[in-house]
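Following: one structure in structure tokens, then a few remarks.
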Amino acid sequence: MKKLELQFQNEMLYTYREAKKLGYKPGIFLDMIATYGAVETAKKLLATEDYIQEGIKRLWELKRLDLSMEASVIKSEYKSLFTDKELATAHKRLKELGYLK
């Protein structure tokens, strides 16, 4: 695994632990990371443009969209891991939920 991919994976595991502290345990997300790795998991979850997964909805309810995979994907340090379409999808979801303007 490349250094940047490992860094992204570590961030996704961190967000999982933080969400768990809030009482939200995204087990399927963790299973997907274990199976596919964090980058491929993010790509799979971003594959459908118009679909907002339950995980981001739950983080929105908890007022912690900063812990969402989408918020990590659009960080400048990780943008090179994703296509323009994937970045646009992450941005769109965060905008629809009021995290971005």
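In the structure tokens, chains take letters A, B, ... by order of appearance, with residues numbered from 1 within each chain and ligands from 1 in the order shown.
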
Non-local contacts of region 63-66 of chain A (9 Å; only C-alpha atoms; under 3 positions in same chain excluded) as a PyMOL selection string: chain A and resi 15+19+56-60+69-72+94+97+99

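Residues in contact with region 73-76 of chain A at 9 Å, where only C-alpha atoms are counted and same-chain residues fewer than 6 positions away are skipped, are listed as Phe8, Val39, Ala42, Phe82, Glu86, Leu87, Ala88, Ala90 and His91 of chain A.
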
task: Kindly give the distance, in Å, that separates CA of Pro26 (chain A) and CA of Leu6 (chain A), rounded to a single decimal.
output: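 Taking CA of Pro26 (chain A) and CA of Leu6 (chain A), their separation equals 19.9 Å.
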
statement: Closest of A:Leu62, A:Leu46, A:Leu100, A:Ile33 to Glu5 (chain A), counting only C-alpha atoms, is A:Ile33

message: Which residues are close to Thr41 (chain A), i.e. within 10 Å by only C-alpha atoms, leaving aside same-chain residues fewer than 2 positions away? Reply as a PyMOL selection string.
response: chain A and resi 9+29-39+43-47+69

Written file, previous selection with N, CA and C atoms, as a PDB file, in the first residue's frame:
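selection-v2.pdb written:
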ATOM      1  N   GLN A   9      -6.194   5.440   4.871  1.00  0.00           N
ATOM      2  CA  GLN A   9      -6.752   4.317   5.626  1.00  0.00           C
ATOM      3  C   GLN A   9      -6.709   4.610   7.126  1.00  0.00           C
ATOM      4  N   PHE A  29     -18.983  -0.429   7.237  1.00  0.00           N
ATOM      5  CA  PHE A  29     -17.883   0.401   6.750  1.00  0.00           C
ATOM      6  C   PHE A  29     -16.547  -0.204   7.161  1.00  0.00           C
ATOM      7  N   LEU A  30     -16.434  -0.606   8.402  1.00  0.00           N
ATOM      8  CA  LEU A  30     -15.190  -1.212   8.900  1.00  0.00           C
ATOM      9  C   LEU A  30     -14.904  -2.519   8.174  1.00  0.00           C
ATOM     10  N   ASP A  31     -15.942  -3.329   7.949  1.00  0.00           N
ATOM     11  CA  ASP A  31     -15.773  -4.585   7.211  1.00  0.00           C
ATOM     12  C   ASP A  31     -15.286  -4.324   5.787  1.00  0.00           C
ATOM     13  N   MET A  32     -15.858  -3.303   5.150  1.00  0.00           N
ATOM     14  CA  MET A  32     -15.447  -2.967   3.788  1.00  0.00           C
ATOM     15  C   MET A  32     -13.982  -2.539   3.752  1.00  0.00           C
ATOM     16  N   ILE A  33     -13.560  -1.754   4.733  1.00  0.00           N
ATOM     17  CA  ILE A  33     -12.155  -1.330   4.789  1.00  0.00           C
ATOM     18  C   ILE A  33     -11.239  -2.539   4.951  1.00  0.00           C
ATOM     19  N   ALA A  34     -11.640  -3.483   5.801  1.00  0.00           N
ATOM     20  CA  ALA A  34     -10.838  -4.687   6.008  1.00  0.00           C
ATOM     21  C   ALA A  34     -10.748  -5.518   4.728  1.00  0.00           C
ATOM     22  N   THR A  35     -11.819  -5.525   3.946  1.00  0.00           N
ATOM     23  CA  THR A  35     -11.866  -6.322   2.721  1.00  0.00           C
ATOM     24  C   THR A  35     -11.199  -5.631   1.541  1.00  0.00           C
ATOM     25  N   TYR A  36     -11.519  -4.362   1.328  1.00  0.00           N
ATOM     26  CA  TYR A  36     -11.094  -3.657   0.117  1.00  0.00           C
ATOM     27  C   TYR A  36     -10.005  -2.609   0.330  1.00  0.00           C
ATOM     28  N   GLY A  37      -9.786  -2.209   1.566  1.00  0.00           N
ATOM     29  CA  GLY A  37      -8.921  -1.067   1.838  1.00  0.00           C
ATOM     30  C   GLY A  37      -9.764   0.203   1.801  1.00  0.00           C
ATOM     31  N   ALA A  38      -9.264   1.257   2.411  1.00  0.00           N
ATOM     32  CA  ALA A  38     -10.056   2.480   2.563  1.00  0.00           C
ATOM     33  C   ALA A  38     -10.312   3.197   1.247  1.00  0.00           C
ATOM     34  N   VAL A  39      -9.325   3.268   0.374  1.00  0.00           N
ATOM     35  CA  VAL A  39      -9.502   3.995  -0.886  1.00  0.00           C
ATOM     36  C   VAL A  39     -10.558   3.301  -1.739  1.00  0.00           C
ATOM     37  N   LYS A  43     -14.262   4.602  -2.962  1.00  0.00           N
ATOM     38  CA  LYS A  43     -14.647   4.597  -4.373  1.00  0.00           C
ATOM     39  C   LYS A  43     -15.965   3.849  -4.582  1.00  0.00           C
ATOM     40  N   LYS A  44     -16.132   2.729  -3.903  1.00  0.00           N
ATOM     41  CA  LYS A  44     -17.377   1.963  -4.009  1.00  0.00           C
ATOM     42  C   LYS A  44     -18.553   2.765  -3.454  1.00  0.00           C
ATOM     43  N   LEU A  45     -18.342   3.438  -2.334  1.00  0.00           N
ATOM     44  CA  LEU A  45     -19.426   4.201  -1.718  1.00  0.00           C
ATOM     45  C   LEU A  45     -19.769   5.465  -2.507  1.00  0.00           C
ATOM     46  N   LEU A  46     -18.826   5.935  -3.288  1.00  0.00           N
ATOM     47  CA  LEU A  46     -19.061   7.122  -4.116  1.00  0.00           C
ATOM     48  C   LEU A  46     -19.563   6.770  -5.515  1.00  0.00           C
ATOM     49  N   ALA A  47     -19.679   5.493  -5.808  1.00  0.00           N
ATOM     50  CA  ALA A  47     -20.004   5.054  -7.165  1.00  0.00           C
ATOM     51  C   ALA A  47     -21.388   5.498  -7.638  1.00  0.00           C
ATOM     52  N   MET A  69     -16.678   9.900   5.423  1.00  0.00           N
ATOM     53  CA  MET A  69     -15.712   9.534   4.390  1.00  0.00           C
ATOM     54  C   MET A  69     -15.638  10.635   3.349  1.00  0.00           C
TER      55      MET A  69
END

statement: One decimal place gives the CA of Lys3 (chain A)-CA of Thr83 (chain A) separation as 18.4 Å
